[in-house]
file model13.cif (mmCIF, C-alpha atoms)
data_protein
loop_
_atom_site.label_atom_id
_atom_site.label_comp_id
_atom_site.auth_asym_id
_atom_site.auth_seq_id
_atom_site.Cartn_x
_atom_site.Cartn_y
_atom_site.Cartn_z
CA MET A 1 84.62 -67.79 -98.62
CA TRP A 2 85.57 -71.39 -99.30
CA CYS A 3 83.17 -74.05 -98.04
CA ILE A 4 84.20 -77.63 -97.41
CA GLY A 5 81.51 -80.13 -98.31
CA THR A 6 81.14 -83.75 -97.31
CA LEU A 7 84.52 -85.31 -96.62
CA THR A 8 85.24 -88.84 -97.75
CA GLY A 9 88.37 -90.95 -97.69
CA GLU A 10 89.01 -89.96 -101.31
CA TYR A 11 88.69 -86.27 -100.43
CA LEU A 12 91.16 -86.58 -97.56
CA ALA A 13 93.63 -88.58 -99.64
CA ASN A 14 93.66 -86.03 -102.46
CA MET A 15 93.79 -83.10 -100.06
CA GLU A 16 96.80 -84.49 -98.22
CA ASP A 17 98.51 -85.34 -101.51
CA VAL A 18 98.23 -81.72 -102.68
CA LEU A 19 99.28 -80.31 -99.30
CA ASP A 20 102.29 -82.64 -99.24
CA ILE A 21 103.32 -81.34 -102.68
CA TYR A 22 103.20 -77.77 -101.35
CA ALA A 23 105.24 -78.70 -98.26
CA GLN A 24 108.06 -80.36 -100.18
CA PRO A 25 111.31 -78.41 -100.58
CA ALA A 26 112.36 -77.39 -104.06
CA GLU A 27 114.24 -80.09 -105.96
CA ALA A 28 116.73 -79.69 -108.79
CA GLY A 29 115.15 -80.69 -112.10
CA VAL A 30 111.65 -80.87 -110.59
CA VAL A 31 109.03 -78.19 -111.30
CA ARG A 32 105.89 -77.69 -109.21
CA LEU A 33 102.96 -76.10 -111.00
CA CYS A 34 99.33 -75.36 -110.25
CA PHE A 35 96.98 -75.24 -113.23
CA ASP A 36 93.42 -74.14 -113.79
CA GLU A 37 91.26 -72.68 -116.55
CA ARG A 38 88.31 -70.36 -116.44
CA PRO A 39 85.75 -69.10 -118.97
CA CYS A 40 85.50 -65.33 -119.23
CA GLN A 41 82.44 -63.56 -120.60
CA LEU A 42 83.11 -60.80 -123.12
CA LEU A 43 81.00 -57.69 -122.48
CA ASP A 44 80.99 -54.47 -124.48
CA HIS A 45 79.45 -51.05 -123.92
CA VAL A 46 76.19 -50.02 -125.56
CA LEU A 47 77.11 -46.35 -125.16
CA THR A 48 80.64 -44.96 -125.14
CA PRO A 49 81.77 -44.36 -121.53
CA ILE A 50 82.58 -40.84 -120.35
CA PRO A 51 86.35 -40.71 -119.62
CA PRO A 52 87.39 -40.13 -115.99
CA LYS A 53 88.26 -36.65 -114.74
CA PRO A 54 90.64 -35.79 -111.88
CA GLY A 55 89.08 -37.00 -108.66
CA ALA A 56 86.31 -38.91 -110.44
CA THR A 57 85.92 -42.35 -112.01
CA GLN A 58 84.85 -43.26 -115.52
CA LYS A 59 81.10 -43.08 -116.08
CA GLU A 60 79.44 -45.84 -118.07
CA HIS A 61 75.89 -46.78 -118.92
CA GLN A 62 74.39 -49.71 -117.04
CA GLU A 63 73.41 -51.49 -120.26
CA TYR A 64 75.92 -53.75 -121.99
CA VAL A 65 76.03 -56.21 -124.87
CA ARG A 66 77.30 -59.79 -124.68
CA LYS A 67 80.08 -60.63 -127.13
CA GLY A 68 80.52 -64.31 -126.35
CA VAL A 69 82.91 -66.23 -124.11
CA CYS A 70 86.61 -67.08 -124.19
CA ASN A 71 88.76 -69.27 -121.95
CA VAL A 72 91.85 -68.42 -119.90
CA LEU A 73 94.31 -71.21 -119.10
CA LEU A 74 96.85 -70.44 -116.37
CA ALA A 75 99.77 -72.29 -114.80
CA TYR A 76 101.48 -70.94 -111.69
CA ASP A 77 105.02 -71.94 -110.68
CA ILE A 78 105.15 -72.43 -106.91
CA ASP A 79 108.94 -72.09 -106.66
CA THR A 80 109.66 -69.15 -108.98
CA GLY A 81 106.54 -67.03 -108.61
CA GLN A 82 105.98 -67.04 -112.36
CA ARG A 83 102.66 -67.59 -114.08
CA HIS A 84 102.01 -68.50 -117.72
CA LEU A 85 98.68 -68.02 -119.44
CA ARG A 86 96.99 -68.29 -122.79
CA VAL A 87 93.53 -67.32 -124.02
CA THR A 88 91.50 -69.62 -126.26
CA THR A 89 88.13 -69.39 -127.95
CA THR A 90 86.98 -72.78 -126.70
CA LYS A 91 87.46 -74.98 -123.63
CA ASN A 92 88.12 -78.59 -124.60
CA LYS A 93 90.68 -81.41 -124.52
CA GLY A 94 92.53 -80.01 -127.52
CA ASP A 95 93.03 -76.62 -125.87
CA TYR A 96 94.28 -78.32 -122.71
CA ALA A 97 96.68 -80.61 -124.58
CA HIS A 98 98.14 -77.83 -126.72
CA PHE A 99 98.52 -75.55 -123.70
CA MET A 100 100.49 -78.19 -121.81
CA ASP A 101 102.67 -78.90 -124.84
CA TRP A 102 103.36 -75.17 -125.24
CA LEU A 103 104.00 -74.75 -121.51
CA VAL A 104 106.57 -77.54 -121.33
CA GLN A 105 108.35 -76.74 -124.60
CA THR A 106 108.46 -72.98 -124.04
CA HIS A 107 109.12 -72.66 -120.32
CA TYR A 108 110.34 -76.04 -119.00
CA PRO A 109 112.12 -77.88 -121.83
CA ASP A 110 114.80 -79.25 -119.48
CA ALA A 111 112.55 -80.28 -116.60
CA GLN A 112 113.01 -83.90 -115.55
CA LYS A 113 109.63 -83.96 -113.80
CA ILE A 114 106.73 -81.53 -113.49
CA LYS A 115 104.38 -82.08 -110.58
CA LEU A 116 101.09 -80.61 -111.72
CA VAL A 117 98.28 -79.76 -109.29
CA GLN A 118 94.93 -79.46 -111.08
CA ASP A 119 91.27 -80.30 -110.65
CA ASN A 120 89.81 -83.57 -111.86
CA TYR A 121 88.02 -82.03 -114.84
CA SER A 122 87.11 -84.44 -117.63
CA THR A 123 89.55 -82.84 -120.09
CA HIS A 124 92.55 -82.88 -117.73
CA THR A 125 93.84 -86.32 -118.65
CA TYR A 126 96.81 -88.00 -120.30
CA GLY A 127 94.36 -89.24 -122.88
CA ALA A 128 93.87 -85.67 -124.10
CA PHE A 129 97.52 -85.66 -125.19
CA TYR A 130 97.15 -88.81 -127.28
CA GLU A 131 93.92 -87.56 -128.86
CA HIS A 132 95.26 -84.16 -129.95
CA LEU A 133 99.05 -84.39 -130.23
CA PRO A 134 101.55 -86.59 -132.09
CA VAL A 135 102.11 -89.87 -130.27
CA GLU A 136 105.73 -89.15 -129.35
CA THR A 137 104.78 -85.71 -128.01
CA ALA A 138 101.97 -87.27 -125.98
CA ARG A 139 104.34 -89.91 -124.61
CA ARG A 140 106.90 -87.26 -123.63
CA LEU A 141 104.27 -85.21 -121.81
CA ARG A 142 102.92 -88.29 -120.05
CA HIS A 143 106.38 -89.08 -118.68
CA THR A 144 107.17 -85.44 -117.79
CA LEU A 145 103.88 -84.38 -116.19
CA GLU A 146 102.91 -86.02 -112.91
CA PHE A 147 99.25 -85.29 -112.15
CA HIS A 148 98.04 -84.48 -108.63
CA TYR A 149 94.30 -83.87 -108.49
CA THR A 150 92.48 -81.68 -105.98
CA PRO A 151 89.43 -83.30 -104.34
CA LYS A 152 85.98 -82.85 -105.83
CA HIS A 153 84.70 -79.48 -104.59
CA GLY A 154 88.22 -78.81 -103.34
CA SER A 155 89.33 -76.06 -105.73
CA TRP A 156 90.31 -73.95 -102.68
CA LEU A 157 93.39 -76.19 -102.48
CA ASN A 158 94.65 -75.03 -105.88
CA MET A 159 96.99 -72.04 -105.79
CA ALA A 160 96.00 -71.25 -109.38
CA GLU A 161 92.61 -70.21 -107.96
CA ILE A 162 94.38 -67.47 -105.98
CA GLU A 163 96.03 -66.27 -109.18
CA PHE A 164 92.67 -66.19 -110.95
CA ALA A 165 91.24 -64.16 -108.08
CA ALA A 166 94.07 -61.65 -108.52
CA LEU A 167 93.58 -61.60 -112.30
CA SER A 168 89.84 -60.96 -111.90
CA ARG A 169 90.35 -58.22 -109.32
CA GLN A 170 93.33 -56.45 -110.90
CA CYS A 171 92.63 -56.87 -114.60
CA LEU A 172 89.26 -58.29 -115.62
CA ASP A 173 87.05 -56.24 -113.30
CA ARG A 174 85.67 -54.16 -116.18
CA ARG A 175 83.90 -54.65 -119.48
CA ILE A 176 86.09 -56.12 -122.19
CA GLY A 177 84.41 -56.68 -125.53
CA THR A 178 86.89 -58.73 -127.57
CA GLN A 179 89.05 -61.77 -126.98
CA GLU A 180 92.06 -59.93 -128.44
CA ARG A 181 91.79 -57.11 -125.94
CA LEU A 182 91.21 -59.49 -123.04
CA GLU A 183 94.31 -61.45 -124.02
CA ALA A 184 96.40 -58.27 -124.29
CA GLU A 185 95.21 -57.09 -120.87
CA ALA A 186 95.80 -60.51 -119.27
CA LEU A 187 99.31 -60.80 -120.72
CA ALA A 188 100.17 -57.30 -119.48
CA TRP A 189 98.98 -58.36 -116.01
CA GLU A 190 101.07 -61.54 -116.27
CA ALA A 191 104.21 -59.62 -117.25
CA LYS A 192 103.86 -57.14 -114.38
CA ARG A 193 103.19 -59.87 -111.81
CA ASN A 194 106.05 -62.02 -113.12
CA ALA A 195 108.47 -59.11 -113.01
CA ALA A 196 107.72 -58.80 -109.29
CA ALA A 197 107.88 -62.62 -108.92
CA VAL A 198 104.78 -62.53 -106.73
CA LYS A 199 104.46 -65.74 -104.73
CA VAL A 200 101.51 -67.24 -102.90
CA ASN A 201 102.17 -67.44 -99.15
CA TRP A 202 100.57 -70.84 -98.51
CA SER A 203 100.45 -71.81 -94.83
CA PHE A 204 97.84 -74.59 -94.66
CA THR A 205 99.58 -77.95 -94.16
CA THR A 206 98.59 -81.58 -93.73
CA GLU A 207 99.25 -81.27 -90.01
CA LYS A 208 96.99 -78.23 -89.73
CA ALA A 209 94.33 -79.98 -91.80
CA ARG A 210 94.33 -82.95 -89.43
CA ASP A 211 94.04 -80.61 -86.46
CA LYS A 212 91.35 -78.27 -87.82
CA LEU A 213 89.36 -81.05 -89.46
CA LYS A 214 89.90 -83.71 -86.80
CA ASN A 215 86.16 -84.19 -86.33
CA ARG A 216 85.76 -84.76 -90.06
CA TYR A 217 88.65 -87.22 -90.05
CA ALA A 218 87.00 -89.04 -87.14
CA GLU A 219 83.71 -89.26 -89.05
CA VAL A 220 85.45 -90.87 -92.01
CA SER A 221 87.34 -93.30 -89.77
CA LYS A 222 84.12 -94.19 -87.93
CA ILE A 223 82.38 -95.04 -91.19
CA THR A 224 85.35 -97.19 -92.18
CA ASP A 225 85.27 -99.03 -88.83
CA GLU A 226 81.53 -99.68 -89.17
CA ILE A 227 82.05 -101.20 -92.60
CA LYS A 228 84.79 -103.47 -91.25
CA LEU A 229 82.56 -104.62 -88.39
CA SER A 230 79.63 -105.36 -90.70
CA ASP A 231 81.90 -107.48 -92.90
CA HIS A 232 82.55 -109.76 -89.92
#
call {"tool": "encode", "arguments": {"input": "model13.cif", "output": "C-alpha cells"}}
result
Amino acid sequence: MWCIGTLTGEYLANMEDVLDIYAQPAEAGVVRLCFDERPCQLLDHVLTPIPPKPGATQKEHQEYVRKGVCNVLLAYDIDTGQRHLRVTTTKNKGDYAHFMDWLVQTHYPDAQKIKLVQDNYSTHTYGAFYEHLPVETARRLRHTLEFHYTPKHGSWLNMAEIEFAALSRQCLDRRIGTQERLEAEALAWEAKRNAAAVKVNWSFTTEKARDKLKNRYAEVSKITDEIKLSDH
C-alpha cells in the first residue's frame, strides 16, 4: 500500500513532471527510463535444506546466518519493456556513475536524449559523474541524461519500484548467501522478463491526480493565497 504524505507545491510539481513524462508518446532518438537501486541482504542456511518432494515444498530450518549486503541497480525502459540491472558490493556515487556510463554505452549509445525518472537520492546527481568518471565522459552523460526526480516520499511514482517488487517476489523471495549467486539469479530473471518484453501498464495521469487529489491541491493553493495576502 502506497501512502501519500504531506503535499507541497514542490511535491505536486515533481509528481506532475513525472506523470507528464509517462504520458508523452514515444519519440525517435529519445529514451525514457526509470531508475532505482535497492540494498539486498545476503542470508545463508545454517542447516542444509531438505529438497522438495512431489506435492511438497522444500523444508528449511528457521535459523539463518547473515552474509552481508549487496546493492541492485535497475533501469527500466518504458517504451521497450526491457530492464537492465547490475549488482554491486557498495551503494555510493561511484557505483551510480559507473552504472549510468555502462547503461548508456552498452544499451543506448545512439540515444540523442535519455529522460531518466529517479528519486532525489544524494548520489543521483550530475556531480557524481564528474567525481568518478573522466571529464569528457561526465560531460557526455550530463548532456545525454535529463533528470526527472520523483517527489520526496513519492517513490510510488517510479515504475522501477514495480520492477523491484516483481524481482523480490519472483526471484529474491528466498535465502541467497552470496553476491555471485544473487547476481546470477537476478540476471536470469532479467533475461526471462526481457524476452517477454513485460511492460508496466501505467494508468495514473496528471488529470487523474488533479481529480483524485483535488482537496490536496486546494490545500496547497490556499496556503499560497494566504502567503500572498500576508505580503500585502
call {"tool": "closest_atom_pairs", "arguments": {"input": "model13.cif", "of": "range 127-225 of chain A", "to": "range 17-26 of chain A", "cutoff": "12 Å", "atoms": "only C-alpha atoms", "output": "Markdown table"}}
result
| residue | atom | partner | partner_atom | distance |
| --- | --- | --- | --- | --- |
| A:Glu146 | CA | A:Ile21 | CA | 11.3 |
| A:Phe147 | CA | A:Val18 | CA | 10.2 |
| A:His148 | CA | A:Val18 | CA | 6.6 |
| A:Tyr149 | CA | A:Val18 | CA | 7.3 |
| A:Thr150 | CA | A:Val18 | CA | 6.6 |
| A:Pro151 | CA | A:Val18 | CA | 9.1 |
| A:Gly154 | CA | A:Val18 | CA | 10.4 |
| A:Ser155 | CA | A:Val18 | CA | 11.0 |
| A:Trp156 | CA | A:Val18 | CA | 11.1 |
| A:Leu157 | CA | A:Val18 | CA | 7.4 |
| A:Asn158 | CA | A:Val18 | CA | 8.2 |
| A:Met159 | CA | A:Tyr22 | CA | 9.5 |
| A:Val200 | CA | A:Tyr22 | CA | 10.8 |
| A:Asn201 | CA | A:Tyr22 | CA | 10.6 |
| A:Trp202 | CA | A:Tyr22 | CA | 7.9 |
| A:Ser203 | CA | A:Ala23 | CA | 9.1 |
| A:Phe204 | CA | A:Leu19 | CA | 7.5 |
| A:Thr205 | CA | A:Leu19 | CA | 5.7 |
| A:Thr206 | CA | A:Leu19 | CA | 5.8 |
| A:Glu207 | CA | A:Leu19 | CA | 9.3 |
| A:Lys208 | CA | A:Leu19 | CA | 10.1 |
| A:Ala209 | CA | A:Leu19 | CA | 9.0 |
| A:Arg210 | CA | A:Leu19 | CA | 11.4 |
call {"tool": "write_last_selection", "arguments": {"input": "model13.cif", "atoms": "C-alpha atoms", "output": "mmCIF file, in the coordinates of the input"}}
result
data_model
loop_
_atom_site.group_PDB
_atom_site.id
_atom_site.type_symbol
_atom_site.label_atom_id
_atom_site.label_comp_id
_atom_site.auth_asym_id
_atom_site.auth_seq_id
_atom_site.Cartn_x
_atom_site.Cartn_y
_atom_site.Cartn_z
ATOM 1 C CA GLU A 146 102.910 -86.020 -112.910
ATOM 2 C CA PHE A 147 99.250 -85.290 -112.150
ATOM 3 C CA HIS A 148 98.040 -84.480 -108.630
ATOM 4 C CA TYR A 149 94.300 -83.870 -108.490
ATOM 5 C CA THR A 150 92.480 -81.680 -105.980
ATOM 6 C CA PRO A 151 89.430 -83.300 -104.340
ATOM 7 C CA GLY A 154 88.220 -78.810 -103.340
ATOM 8 C CA SER A 155 89.330 -76.060 -105.730
ATOM 9 C CA TRP A 156 90.310 -73.950 -102.680
ATOM 10 C CA LEU A 157 93.390 -76.190 -102.480
ATOM 11 C CA ASN A 158 94.650 -75.030 -105.880
ATOM 12 C CA MET A 159 96.990 -72.040 -105.790
ATOM 13 C CA VAL A 200 101.510 -67.240 -102.900
ATOM 14 C CA ASN A 201 102.170 -67.440 -99.150
ATOM 15 C CA TRP A 202 100.570 -70.840 -98.510
ATOM 16 C CA SER A 203 100.450 -71.810 -94.830
ATOM 17 C CA PHE A 204 97.840 -74.590 -94.660
ATOM 18 C CA THR A 205 99.580 -77.950 -94.160
ATOM 19 C CA THR A 206 98.590 -81.580 -93.730
ATOM 20 C CA GLU A 207 99.250 -81.270 -90.010
ATOM 21 C CA LYS A 208 96.990 -78.230 -89.730
ATOM 22 C CA ALA A 209 94.330 -79.980 -91.800
ATOM 23 C CA ARG A 210 94.330 -82.950 -89.430
#
call {"tool": "resolve_selection", "arguments": {"input": "model13.cif", "expression": "the PyMOL selection byres ((chain A and resi 130-137) around 12)", "output": "list in words"}}
result
Asn92, Lys93, Gly94, Asp95, Tyr96, Ala97, His98, Phe99, Met100, Asp101, Trp102, Val104, Gln105, Thr123, Thr125, Tyr126, Gly127, Ala128, Phe129, Ala138, Arg139, Arg140, Leu141, Arg142, His143, Thr144 and Leu145 of chain A
call {"tool": "resolve_selection", "arguments": {"input": "model13.cif", "expression": "the PyMOL selection byres ((chain A and resi 70-72) around 6)", "output": "list in words"}}
result
Glu37, Arg38, Pro39, Cys40, Val69, Leu73, Arg86, Val87, Thr88 and Thr89 of chain A
call {"tool": "resolve_selection", "arguments": {"input": "model13.cif", "expression": "the PyMOL selection byres ((chain A and resi 184-197) around 10)", "output": "PyMOL selection string"}}
result
chain A and resi 72+74+77+79-87+163+166-168+170-172+176+179-183+198-200
call {"tool": "atom_distance", "arguments": {"input": "model13.cif", "atom1": "CA of Leu12 in chain A", "atom2": "CA of Asn215 in chain A"}}
result
12.5 Å
call {"tool": "atom_distance", "arguments": {"input": "model13.cif", "atom1": "CA of Val30 in chain A", "atom2": "CA of Tyr76 in chain A"}}
result
14.3 Å
call {"tool": "atom_distance", "arguments": {"input": "model13.cif", "atom1": "CA of Gly68 in chain A", "atom2": "CA of Asp173 in chain A"}}
result
16.7 Å
call {"tool": "closest_residue", "arguments": {"input": "model13.cif", "among": "A:Lys214, A:His124, A:Arg175, A:Lys53", "to": "Asp36 in chain A", "atoms": "only C-alpha atoms"}}
result
A:His124
call {"tool": "closest_residue", "arguments": {"input": "model13.cif", "among": "A:Ala160, A:Pro52, A:Leu7, A:Ala165", "to": "Asp119 in chain A", "atoms": "all atoms listed in the file"}}
result
A:Ala160
call {"tool": "closest_residue", "arguments": {"input": "model13.cif", "among": "A:Leu42, A:Ala75, A:Ile114, A:Ala13", "to": "Gly177 in chain A", "atoms": "only C-alpha atoms"}}
result
A:Leu42
call {"tool": "closest_residue", "arguments": {"input": "model13.cif", "among": "A:Glu161, A:Lys212, A:Thr178, A:Ala218", "to": "Ile4 in chain A", "atoms": "only C-alpha atoms"}}
result
A:Lys212
call {"tool": "build_atoms", "arguments": {"input": "model13.cif", "residues": "range 29-45 of chain A", "atoms": "N, CA and C atoms", "output": "PDB file, keeping the file's coordinate frame"}}
result
ATOM      1  N   GLY A  29     115.715 -79.949-110.985  1.00  0.00           N
ATOM      2  CA  GLY A  29     115.150 -80.690-112.100  1.00  0.00           C
ATOM      3  C   GLY A  29     113.667 -80.971-111.977  1.00  0.00           C
ATOM      4  N   VAL A  30     113.075 -80.616-110.820  1.00  0.00           N
ATOM      5  CA  VAL A  30     111.650 -80.870-110.590  1.00  0.00           C
ATOM      6  C   VAL A  30     110.904 -79.539-110.498  1.00  0.00           C
ATOM      7  N   VAL A  31     109.845 -79.411-111.278  1.00  0.00           N
ATOM      8  CA  VAL A  31     109.030 -78.190-111.300  1.00  0.00           C
ATOM      9  C   VAL A  31     107.694 -78.490-110.631  1.00  0.00           C
ATOM     10  N   ARG A  32     107.206 -77.540-109.844  1.00  0.00           N
ATOM     11  CA  ARG A  32     105.890 -77.690-109.210  1.00  0.00           C
ATOM     12  C   ARG A  32     104.970 -76.601-109.742  1.00  0.00           C
ATOM     13  N   LEU A  33     103.895 -77.035-110.394  1.00  0.00           N
ATOM     14  CA  LEU A  33     102.960 -76.100-111.000  1.00  0.00           C
ATOM     15  C   LEU A  33     101.545 -76.346-110.510  1.00  0.00           C
ATOM     16  N   CYS A  34     100.764 -75.275-110.474  1.00  0.00           N
ATOM     17  CA  CYS A  34      99.330 -75.360-110.250  1.00  0.00           C
ATOM     18  C   CYS A  34      98.646 -74.860-111.515  1.00  0.00           C
ATOM     19  N   PHE A  35      97.661 -75.609-111.980  1.00  0.00           N
ATOM     20  CA  PHE A  35      96.980 -75.240-113.230  1.00  0.00           C
ATOM     21  C   PHE A  35      95.473 -75.163-113.025  1.00  0.00           C
ATOM     22  N   ASP A  36      94.873 -74.201-113.736  1.00  0.00           N
ATOM     23  CA  ASP A  36      93.420 -74.140-113.790  1.00  0.00           C
ATOM     24  C   ASP A  36      93.028 -73.358-115.048  1.00  0.00           C
ATOM     25  N   GLU A  37      91.781 -73.448-115.418  1.00  0.00           N
ATOM     26  CA  GLU A  37      91.260 -72.680-116.550  1.00  0.00           C
ATOM     27  C   GLU A  37      89.898 -72.143-116.193  1.00  0.00           C
ATOM     28  N   ARG A  38      89.560 -71.009-116.805  1.00  0.00           N
ATOM     29  CA  ARG A  38      88.310 -70.360-116.440  1.00  0.00           C
ATOM     30  C   ARG A  38      87.702 -69.637-117.628  1.00  0.00           C
ATOM     31  N   PRO A  39      86.405 -69.852-117.890  1.00  0.00           N
ATOM     32  CA  PRO A  39      85.750 -69.100-118.970  1.00  0.00           C
ATOM     33  C   PRO A  39      85.538 -67.652-118.555  1.00  0.00           C
ATOM     34  N   CYS A  40      85.690 -66.751-119.489  1.00  0.00           N
ATOM     35  CA  CYS A  40      85.500 -65.330-119.230  1.00  0.00           C
ATOM     36  C   CYS A  40      84.484 -64.779-120.232  1.00  0.00           C
ATOM     37  N   GLN A  41      83.464 -64.128-119.727  1.00  0.00           N
ATOM     38  CA  GLN A  41      82.440 -63.560-120.600  1.00  0.00           C
ATOM     39  C   GLN A  41      82.917 -62.229-121.162  1.00  0.00           C
ATOM     40  N   LEU A  42      82.721 -62.045-122.452  1.00  0.00           N
ATOM     41  CA  LEU A  42      83.110 -60.800-123.120  1.00  0.00           C
ATOM     42  C   LEU A  42      81.900 -59.863-123.134  1.00  0.00           C
ATOM     43  N   LEU A  43      82.068 -58.686-122.564  1.00  0.00           N
ATOM     44  CA  LEU A  43      81.000 -57.690-122.480  1.00  0.00           C
ATOM     45  C   LEU A  43      81.472 -56.373-123.061  1.00  0.00           C
ATOM     46  N   ASP A  44      80.635 -55.757-123.880  1.00  0.00           N
ATOM     47  CA  ASP A  44      80.990 -54.470-124.480  1.00  0.00           C
ATOM     48  C   ASP A  44      79.956 -53.418-124.096  1.00  0.00           C
ATOM     49  N   HIS A  45      80.333 -52.167-124.265  1.00  0.00           N
ATOM     50  CA  HIS A  45      79.450 -51.050-123.920  1.00  0.00           C
ATOM     51  C   HIS A  45      78.416 -50.837-125.025  1.00  0.00           C
TER      52      HIS A  45
END
